[in-house]
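Trainee: Just so it is clear, I am handing over query12.pdb, which has PDB, C-alpha atoms.
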ATOM      1  CA  MET A   1     -10.031  21.293   6.322  1.00  0.00           C
ATOM      2  CA  ASP A   2      -6.584  20.776   7.830  1.00  0.00           C
ATOM      3  CA  LYS A   3      -4.421  19.911   4.802  1.00  0.00           C
ATOM      4  CA  VAL A   4      -1.661  18.463   7.002  1.00  0.00           C
ATOM      5  CA  TRP A   5      -3.931  15.788   8.422  1.00  0.00           C
ATOM      6  CA  ALA A   6      -5.374  15.271   4.948  1.00  0.00           C
ATOM      7  CA  LEU A   7      -1.812  14.649   3.775  1.00  0.00           C
ATOM      8  CA  GLN A   8      -1.312  12.067   6.515  1.00  0.00           C
ATOM      9  CA  ALA A   9      -4.570  10.307   5.629  1.00  0.00           C
ATOM     10  CA  THR A  10      -3.618  10.219   1.943  1.00  0.00           C
ATOM     11  CA  ILE A  11      -0.161   8.754   2.556  1.00  0.00           C
ATOM     12  CA  PHE A  12      -1.573   6.249   5.053  1.00  0.00           C
ATOM     13  CA  ALA A  13      -4.212   4.993   2.612  1.00  0.00           C
ATOM     14  CA  ALA A  14      -1.886   4.739  -0.401  1.00  0.00           C
ATOM     15  CA  ASP A  15      -0.855   1.279  -1.611  1.00  0.00           C
ATOM     16  CA  GLU A  16       2.639   2.539  -2.461  1.00  0.00           C
ATOM     17  CA  PRO A  17       4.789   5.600  -1.673  1.00  0.00           C
ATOM     18  CA  CYS A  18       3.250   8.825  -3.114  1.00  0.00           C
ATOM     19  CA  ASP A  19       5.432  11.417  -4.820  1.00  0.00           C
ATOM     20  CA  GLU A  20       4.902  15.181  -4.539  1.00  0.00           C
ATOM     21  CA  LEU A  21       2.985  15.480  -7.804  1.00  0.00           C
ATOM     22  CA  ARG A  22       0.467  12.800  -6.854  1.00  0.00           C
ATOM     23  CA  LEU A  23       0.004  14.311  -3.390  1.00  0.00           C
ATOM     24  CA  ALA A  24      -0.614  17.765  -4.907  1.00  0.00           C
ATOM     25  CA  GLN A  25      -3.242  16.295  -7.259  1.00  0.00           C
ATOM     26  CA  VAL A  26      -5.080  14.441  -4.494  1.00  0.00           C
ATOM     27  CA  LEU A  27      -5.004  17.342  -2.026  1.00  0.00           C
ATOM     28  CA  GLU A  28      -5.782  19.883  -4.757  1.00  0.00           C
ATOM     29  CA  VAL A  29      -2.990  22.249  -3.745  1.00  0.00           C
ATOM     30  CA  PRO A  30      -0.123  23.780  -5.759  1.00  0.00           C
ATOM     31  CA  LEU A  31       2.888  21.508  -6.101  1.00  0.00           C
ATOM     32  CA  GLU A  32       5.128  24.051  -4.357  1.00  0.00           C
ATOM     33  CA  GLU A  33       3.022  23.763  -1.179  1.00  0.00           C
ATOM     34  CA  ILE A  34       3.637  20.051  -0.710  1.00  0.00           C
ATOM     35  CA  GLU A  35       7.150  20.474   0.704  1.00  0.00           C
ATOM     36  CA  GLY A  36       5.828  22.734   3.454  1.00  0.00           C
ATOM     37  CA  LEU A  37       2.953  20.379   4.286  1.00  0.00           C
ATOM     38  CA  ILE A  38       5.370  17.458   4.508  1.00  0.00           C
ATOM     39  CA  ALA A  39       7.670  19.378   6.840  1.00  0.00           C
ATOM     40  CA  GLU A  40       4.724  20.309   9.075  1.00  0.00           C
ATOM     41  CA  LEU A  41       3.476  16.715   9.173  1.00  0.00           C
ATOM     42  CA  GLN A  42       6.942  15.515  10.145  1.00  0.00           C
ATOM     43  CA  GLY A  43       6.874  18.001  12.999  1.00  0.00           C
ATOM     44  CA  ARG A  44       3.462  16.874  14.217  1.00  0.00           C
ATOM     45  CA  LEU A  45       4.580  13.235  14.183  1.00  0.00           C
ATOM     46  CA  GLU A  46       7.544  13.949  16.470  1.00  0.00           C
ATOM     47  CA  GLY A  47       7.164  11.924  19.644  1.00  0.00           C
ATOM     48  CA  SER A  48       4.655   9.518  18.071  1.00  0.00           C
ATOM     49  CA  ALA A  49       5.152   5.894  17.044  1.00  0.00           C
ATOM     50  CA  LEU A  50       4.965   6.834  13.354  1.00  0.00           C
ATOM     51  CA  GLN A  51       7.414   8.601  11.087  1.00  0.00           C
ATOM     52  CA  LEU A  52       7.280   9.927   7.537  1.00  0.00           C
ATOM     53  CA  VAL A  53       9.982   8.366   5.370  1.00  0.00           C
ATOM     54  CA  ARG A  54      10.943   8.804   1.718  1.00  0.00           C
ATOM     55  CA  LEU A  55      11.111   5.532  -0.208  1.00  0.00           C
ATOM     56  CA  ALA A  56      11.094   4.669  -3.909  1.00  0.00           C
ATOM     57  CA  GLY A  57      10.725   8.333  -4.877  1.00  0.00           C
ATOM     58  CA  GLY A  58       7.694   8.970  -2.672  1.00  0.00           C
ATOM     59  CA  TYR A  59       6.520   9.301   0.931  1.00  0.00           C
ATOM     60  CA  HIS A  60       5.398   6.509   3.216  1.00  0.00           C
ATOM     61  CA  LEU A  61       4.254   6.268   6.843  1.00  0.00           C
ATOM     62  CA  ALA A  62       6.328   3.788   8.828  1.00  0.00           C
ATOM     63  CA  THR A  63       6.627   2.559  12.389  1.00  0.00           C
ATOM     64  CA  ARG A  64       9.617   3.895  14.304  1.00  0.00           C
ATOM     65  CA  PRO A  65      12.265   1.178  14.825  1.00  0.00           C
ATOM     66  CA  GLN A  66      11.777   1.010  18.604  1.00  0.00           C
ATOM     67  CA  TYR A  67       8.192  -0.203  18.097  1.00  0.00           C
ATOM     68  CA  ALA A  68       8.940  -2.725  15.340  1.00  0.00           C
ATOM     69  CA  GLN A  69       8.786  -5.726  17.702  1.00  0.00           C
ATOM     70  CA  TYR A  70       5.147  -5.027  18.559  1.00  0.00           C
ATOM     71  CA  VAL A  71       4.150  -4.659  14.931  1.00  0.00           C
ATOM     72  CA  GLN A  72       5.972  -7.898  14.142  1.00  0.00           C
ATOM     73  CA  ARG A  73       3.859  -9.813  16.674  1.00  0.00           C
ATOM     74  CA  LEU A  74       0.794  -8.687  14.770  1.00  0.00           C
ATOM     75  CA  ARG A  75       2.027  -9.598  11.308  1.00  0.00           C
ATOM     76  CA  GLU A  76       1.577 -13.182  10.178  1.00  0.00           C
ATOM     77  CA  PRO A  77       3.064 -14.861   8.326  1.00  0.00           C
ATOM     78  CA  GLU A  78       6.518 -13.326   8.300  1.00  0.00           C
ATOM     79  CA  PRO A  79       7.927 -12.182   4.972  1.00  0.00           C
ATOM     80  CA  GLU A  80       9.633 -14.885   2.973  1.00  0.00           C
ATOM     81  CA  LYS A  81      13.397 -14.923   2.919  1.00  0.00           C
ATOM     82  CA  LEU A  82      15.186 -15.070  -0.402  1.00  0.00           C
ATOM     83  CA  SER A  83      17.328 -18.058  -1.282  1.00  0.00           C
ATOM     84  CA  PRO A  84      21.053 -17.547  -1.986  1.00  0.00           C
ATOM     85  CA  GLN A  85      20.340 -18.114  -5.697  1.00  0.00           C
ATOM     86  CA  ALA A  86      17.670 -15.401  -5.750  1.00  0.00           C
ATOM     87  CA  MET A  87      19.912 -13.012  -3.820  1.00  0.00           C
ATOM     88  CA  GLU A  88      22.671 -13.467  -6.395  1.00  0.00           C
ATOM     89  CA  VAL A  89      20.306 -12.809  -9.300  1.00  0.00           C
ATOM     90  CA  LEU A  90      18.734  -9.787  -7.591  1.00  0.00           C
ATOM     91  CA  ALA A  91      22.159  -8.289  -6.889  1.00  0.00           C
ATOM     92  CA  ILE A  92      23.267  -8.746 -10.488  1.00  0.00           C
ATOM     93  CA  VAL A  93      20.094  -7.153 -11.842  1.00  0.00           C
ATOM     94  CA  ALA A  94      20.288  -4.261  -9.362  1.00  0.00           C
ATOM     95  CA  TYR A  95      23.774  -3.262 -10.524  1.00  0.00           C
ATOM     96  CA  ARG A  96      23.676  -4.287 -14.196  1.00  0.00           C
ATOM     97  CA  GLN A  97      20.073  -3.457 -15.216  1.00  0.00           C
ATOM     98  CA  PRO A  98      18.578  -3.689 -17.711  1.00  0.00           C
ATOM     99  CA  ILE A  99      19.959  -7.180 -18.242  1.00  0.00           C
ATOM    100  CA  THR A 100      18.801 -10.364 -19.976  1.00  0.00           C
ATOM    101  CA  ARG A 101      18.539 -13.789 -18.421  1.00  0.00           C
ATOM    102  CA  PRO A 102      21.291 -15.233 -20.676  1.00  0.00           C
ATOM    103  CA  GLU A 103      23.570 -12.427 -19.439  1.00  0.00           C
ATOM    104  CA  ILE A 104      22.679 -13.297 -15.837  1.00  0.00           C
ATOM    105  CA  ASP A 105      23.394 -16.955 -16.604  1.00  0.00           C
ATOM    106  CA  ASP A 106      26.791 -16.046 -18.080  1.00  0.00           C
ATOM    107  CA  ILE A 107      27.778 -14.195 -14.906  1.00  0.00           C
ATOM    108  CA  ARG A 108      26.593 -16.942 -12.552  1.00  0.00           C
ATOM    109  CA  GLY A 109      27.558 -19.930 -14.673  1.00  0.00           C
ATOM    110  CA  VAL A 110      24.216 -21.662 -14.067  1.00  0.00           C
ATOM    111  CA  ASN A 111      20.652 -21.478 -15.382  1.00  0.00           C
ATOM    112  CA  SER A 112      18.800 -18.780 -13.431  1.00  0.00           C
ATOM    113  CA  SER A 113      15.245 -19.265 -14.691  1.00  0.00           C
ATOM    114  CA  GLY A 114      13.866 -20.459 -11.330  1.00  0.00           C
ATOM    115  CA  ALA A 115      15.262 -17.516  -9.380  1.00  0.00           C
ATOM    116  CA  VAL A 116      14.210 -15.035 -12.074  1.00  0.00           C
ATOM    117  CA  ASN A 117      10.620 -16.331 -12.080  1.00  0.00           C
ATOM    118  CA  SER A 118      10.454 -16.161  -8.270  1.00  0.00           C
ATOM    119  CA  LEU A 119      11.735 -12.569  -8.162  1.00  0.00           C
ATOM    120  CA  LEU A 120       9.207 -11.569 -10.821  1.00  0.00           C
ATOM    121  CA  ALA A 121       6.421 -13.160  -8.779  1.00  0.00           C
ATOM    122  CA  LYS A 122       7.532 -11.321  -5.637  1.00  0.00           C
ATOM    123  CA  GLY A 123       7.498  -7.998  -7.474  1.00  0.00           C
ATOM    124  CA  LEU A 124      11.201  -7.346  -6.875  1.00  0.00           C
ATOM    125  CA  MET A 125      11.978  -7.508 -10.607  1.00  0.00           C
ATOM    126  CA  THR A 126      10.029  -6.660 -13.753  1.00  0.00           C
ATOM    127  CA  ILE A 127      10.325  -7.158 -17.509  1.00  0.00           C
ATOM    128  CA  SER A 128      11.386  -3.746 -18.801  1.00  0.00           C
ATOM    129  CA  GLY A 129      11.771  -4.466 -22.517  1.00  0.00           C
ATOM    130  CA  ARG A 130      13.587  -6.689 -25.009  1.00  0.00           C
ATOM    131  CA  ARG A 131      17.196  -6.717 -26.163  1.00  0.00           C
ATOM    132  CA  ASN A 132      17.674  -5.966 -29.867  1.00  0.00           C
ATOM    133  CA  ALA A 133      19.517  -9.251 -30.396  1.00  0.00           C
ATOM    134  CA  PRO A 134      18.779 -12.694 -31.840  1.00  0.00           C
ATOM    135  CA  GLY A 135      15.790 -14.190 -30.068  1.00  0.00           C
ATOM    136  CA  ARG A 136      14.762 -10.775 -28.669  1.00  0.00           C
ATOM    137  CA  PRO A 137      15.445 -11.816 -25.040  1.00  0.00           C
ATOM    138  CA  PHE A 138      13.582 -10.039 -22.249  1.00  0.00           C
ATOM    139  CA  LEU A 139      15.322  -7.278 -20.297  1.00  0.00           C
ATOM    140  CA  PHE A 140      14.940  -7.340 -16.510  1.00  0.00           C
ATOM    141  CA  SER A 141      15.097  -4.423 -14.072  1.00  0.00           C
ATOM    142  CA  THR A 142      14.330  -3.880 -10.394  1.00  0.00           C
ATOM    143  CA  THR A 143      11.043  -2.316  -9.242  1.00  0.00           C
ATOM    144  CA  PRO A 144       9.931   0.405  -6.799  1.00  0.00           C
ATOM    145  CA  HIS A 145       9.023  -2.482  -4.471  1.00  0.00           C
ATOM    146  CA  PHE A 146      12.707  -3.501  -4.505  1.00  0.00           C
ATOM    147  CA  LEU A 147      13.645   0.017  -3.369  1.00  0.00           C
ATOM    148  CA  SER A 148      11.076  -0.094  -0.571  1.00  0.00           C
ATOM    149  CA  VAL A 149      12.144  -3.534   0.665  1.00  0.00           C
ATOM    150  CA  PHE A 150      15.785  -2.486   0.916  1.00  0.00           C
ATOM    151  CA  GLY A 151      15.127   0.994   2.309  1.00  0.00           C
ATOM    152  CA  LEU A 152      16.323   2.905  -0.742  1.00  0.00           C
ATOM    153  CA  ASN A 153      14.912   6.074  -2.262  1.00  0.00           C
ATOM    154  CA  GLU A 154      16.663   5.580  -5.624  1.00  0.00           C
ATOM    155  CA  LEU A 155      19.154   3.224  -7.250  1.00  0.00           C
ATOM    156  CA  ASP A 156      21.992   5.720  -6.775  1.00  0.00           C
ATOM    157  CA  GLU A 157      21.848   4.852  -3.061  1.00  0.00           C
ATOM    158  CA  LEU A 158      23.000   1.280  -3.716  1.00  0.00           C
ATOM    159  CA  PRO A 159      26.322   0.595  -1.960  1.00  0.00           C
ATOM    160  CA  ARG A 160      29.271   1.206  -4.262  1.00  0.00           C
ATOM    161  CA  LEU A 161      31.419  -1.757  -5.242  1.00  0.00           C
ATOM    162  CA  SER A 162      35.095  -1.474  -4.422  1.00  0.00           C
ATOM    163  CA  GLU A 163      36.241  -3.150  -7.639  1.00  0.00           C
ATOM    164  CA  PRO A 164      33.325  -3.571 -10.060  1.00  0.00           C
ATOM    165  CA  ASP A 165      35.233  -5.818 -12.442  1.00  0.00           C
ATOM    166  CA  ALA A 166      36.846  -8.089  -9.825  1.00  0.00           C
ATOM    167  CA  ASN A 167      34.851 -10.819  -8.065  1.00  0.00           C
ATOM    168  CA  MET A 168      31.686  -8.995  -9.122  1.00  0.00           C
ATOM    169  CA  LEU A 169      29.290 -11.787  -8.236  1.00  0.00           C
ATOM    170  CA  GLU A 170      30.677 -12.213  -4.721  1.00  0.00           C
ATOM    171  CA  GLN A 171      30.582  -8.470  -4.060  1.00  0.00           C
ATOM    172  CA  LEU A 172      27.038  -8.051  -5.337  1.00  0.00           C
ATOM    173  CA  ALA A 173      25.627 -11.008  -3.442  1.00  0.00           C
ATOM    174  CA  ALA A 174      27.402  -9.927  -0.245  1.00  0.00           C
ATOM    175  CA  ARG A 175      26.173  -6.325  -0.511  1.00  0.00           C
ATOM    176  CA  VAL A 176      22.515  -7.258  -0.993  1.00  0.00           C
ATOM    177  CA  SER A 177      22.706 -10.014   1.646  1.00  0.00           C
ATOM    178  CA  GLU A 178      24.054  -7.469   4.143  1.00  0.00           C
ATOM    179  CA  ALA A 179      21.223  -5.070   3.364  1.00  0.00           C
ATOM    180  CA  GLN A 180      18.568  -7.746   3.866  1.00  0.00           C
ATOM    181  CA  ALA A 181      20.204  -8.994   7.064  1.00  0.00           C
ATOM    182  CA  GLU A 182      20.366  -5.486   8.543  1.00  0.00           C
ATOM    183  CA  ARG A 183      16.748  -4.805   7.643  1.00  0.00           C
ATOM    184  CA  ALA A 184      15.621  -8.145   9.102  1.00  0.00           C
ATOM    185  CA  ALA A 185      17.531  -7.464  12.319  1.00  0.00           C
ATOM    186  CA  GLU A 186      15.771  -4.133  12.759  1.00  0.00           C
ATOM    187  CA  ASP A 187      12.271  -5.375  11.929  1.00  0.00           C
ATOM    188  CA  HIS A 188      12.362  -8.854  13.419  1.00  0.00           C
ATOM    189  CA  GLU A 189      14.629  -8.602  16.454  1.00  0.00           C
ATOM    190  CA  GLN A 190      14.783 -11.779  18.500  1.00  0.00           C
ATOM    191  CA  GLU A 191      12.570 -13.650  15.999  1.00  0.00           C
ATOM    192  CA  PRO A 192      13.634 -17.135  14.780  1.00  0.00           C
ATOM    193  CA  ALA A 193      14.953 -17.231  11.212  1.00  0.00           C
ATOM    194  CA  ASP A 194      12.777 -18.675   8.444  1.00  0.00           C
ATOM    195  CA  GLU A 195      13.905 -21.259   5.968  1.00  0.00           C
ATOM    196  CA  PRO A 196      14.769 -19.793   2.546  1.00  0.00           C
ATOM    197  CA  ASP A 197      12.017 -20.131  -0.020  1.00  0.00           C
ATOM    198  CA  GLN A 198      12.464 -22.740  -2.679  1.00  0.00           C
ATOM    199  CA  ASP A 199      12.492 -20.256  -5.530  1.00  0.00           C
ATOM    200  CA  ALA A 200      15.073 -21.801  -7.776  1.00  0.00           C
ATOM    201  CA  ASP A 201      14.866 -24.980  -9.776  1.00  0.00           C
ATOM    202  CA  GLN A 202      17.767 -27.364  -9.694  1.00  0.00           C
ATOM    203  CA  GLU A 203      20.339 -25.128 -11.308  1.00  0.00           C
ATOM    204  CA  THR A 204      22.404 -26.633 -14.079  1.00  0.00           C
ATOM    205  CA  PRO A 205      25.863 -25.395 -15.045  1.00  0.00           C
ATOM    206  CA  ILE A 206      26.150 -23.392 -18.245  1.00  0.00           C
ATOM    207  CA  THR A 207      28.500 -25.059 -20.693  1.00  0.00           C
ATOM    208  CA  GLY A 208      30.823 -23.282 -23.080  1.00  0.00           C
ATOM    209  CA  GLU A 209      28.302 -23.819 -25.894  1.00  0.00           C
ATOM    210  CA  GLY A 210      26.517 -20.511 -25.302  1.00  0.00           C
ATOM    211  CA  THR A 211      23.093 -19.751 -23.915  1.00  0.00           C
ATOM    212  CA  GLU A 212      19.686 -20.250 -25.417  1.00  0.00           C
ATOM    213  CA  PRO A 213      17.503 -17.214 -26.168  1.00  0.00           C
ATOM    214  CA  GLU A 214      14.735 -16.330 -23.724  1.00  0.00           C
ATOM    215  CA  GLU A 215      11.458 -18.191 -24.097  1.00  0.00           C
ATOM    216  CA  GLN A 216       8.915 -16.044 -25.891  1.00  0.00           C
TER
END
Represent the structure contained in this file as structure tokens.
Mentor:
Amino acid sequence: MDKVWALQATIFAADEPCDELRLAQVLEVPLEEIEGLIAELQGRLEGSALQLVRLAGGYHLATRPQYAQYVQRLREPEPEKLSPQAMEVLAIVAYRQPITRPEIDDIRGVNSSGAVNSLLAKGLMTISGRRNAPGRPFLFSTTPHFLSVFGLNELDELPRLSEPDANMLEQLAARVSEAQAERAAEDHEQEPADEPDQDADQETPITGEGTEPEEQ
């Protein structure tokens, strides 16, 4: 059996990017052989509409950008856009994770429960533990799906902030908004923009009285 084509079939059928260890287990080859098989597959795909890309710590087959418009015509409905509130929360979590919802609320100055719940439902965030503090609030972190959506292999590839302690919220929201806009422009060229999803409840300002612990 041609292990290179077996590698392609495995990556194609996977629900999420496969790392080298998983590929070696499935193909039943030594781990050190995977790098060579990947390089050969990349060579065979040259000139085709598909490319092998590394995302979220693993490998994934993707359409080359020049063919994205045809794929887009096939895909219905289009992916939901994130609301400004959700973008702010996602940016804060991406750079400050793990972080609790009260800490997110303190940064934003409003209750973020609606945006947090929406991002959890979309698989962009996950509950990664609890803070050892009164009320044992949940800790939130980003997911491998977040990396895939924004074209990142690991969190270290997030754009660096010029002044992390100055205007942090504005910088974070702008950085993540830029990333989503660039990705949307590549994948959905000439397509009309969708309305943002209604993923946040009516947000209420946080008073100086402190924040309540997370609901258990």
Trainee: Output the residue selection produced by the PyMOL selection byres ((chain A and resi 39) around 12) on the file above, formatted as JSON, numbers by chain.
Mentor: {"A": [4, 7, 8, 33, 34, 35, 36, 37, 38, 40, 41, 42, 43, 44, 45, 46, 51, 52, 53, 59]}
Trainee: List, as a VMD selection string, every residue that the PyMOL selection byres ((chain A and resi 154-158) around 10) selects in the file provided.
Mentor: chain A and resid 54 to 57 94 to 95 142 144 146 to 148 150 to 153 159 to 161 175 to 176 179
Trainee: Measuring between only C-alpha atoms, which one of A:Leu139, A:Pro84, A:Leu124, A:Asn132 shows the shortest distance to Arg101 (chain A)?
Mentor: A:Leu139
Trainee: Evaluated on this file, the PyMOL selection byres ((chain A and resi 97) around 12) picks out some residues - which ones are they, written as a list in words?
Mentor: Val89, Leu90, Ala91, Ile92, Val93, Ala94, Tyr95, Arg96, Pro98, Ile99, Thr100, Arg101, Glu103, Ile104, Met125, Thr126, Ile127, Ser128, Gly129, Arg131, Phe138, Leu139, Phe140, Ser141, Thr142, Thr143 and Leu155 of chain A
Trainee: Could you tell me how far CA of His145 (chain A) lies from CA of Leu82 (chain A), in Å and to one decimal?
Mentor: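 Separation between CA of His145 (chain A) and CA of Leu82 (chain A): 14.6 Å.
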Trainee: Any idea what the distance is between CA of Leu120 (chain A) and CA of Asp105 (chain A)?
Mentor: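 We find that CA of Leu120 (chain A) and CA of Asp105 (chain A) lie 16.2 Å from each other.
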Trainee: Produce the centre coordinates and the three edge lengths, each in Å to one decimal, of the box along x, y and z that contains all listed atoms of region 93-98 of chain A with 8 Å added on each side, as JSON.
Mentor:
{"center_x": 21.2, "center_y": -5.2, "center_z": -13.5, "size_x": 21.2, "size_y": 19.9, "size_z": 24.3}
Trainee: May I ask for the distance between CA of Cys18 (chain A) and CA of Leu50 (chain A), given in Å to one decimal place?
Mentor: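 Atom-to-atom, CA of Cys18 (chain A) to CA of Leu50 (chain A), that is 16.7 Å.
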Trainee: Using all atoms listed in the file, which of A:Glu20, A:Asp2, A:Glu88, A:Asp106 sits nearest His60 (chain A)?
Mentor: A:Glu20
Trainee: Given the choices A:Gly135, A:Pro17, A:Gly114, A:Pro30, which gets closest to Ala62 (chain A) if the distance is worked out from all atoms listed in the file?
Mentor: A:Pro17
Trainee: Leaving out region 27-29 of chain A and any residue of its chain fewer than 6 positions from it, which residues lie within 9 Å of it when counting all atoms listed in the file, given as a PyMOL selection string?
Mentor: chain A and resi 3+6-7+10
Trainee: Name the closest residue to Asp19 (chain A) among the candidates A:Glu32, A:Lys81, A:Ala115, A:Gly58; distances are taken between atoms, counting all atoms listed in the file.
Mentor: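 Smallest distance to Asp19 (chain A) is found for A:Gly58.
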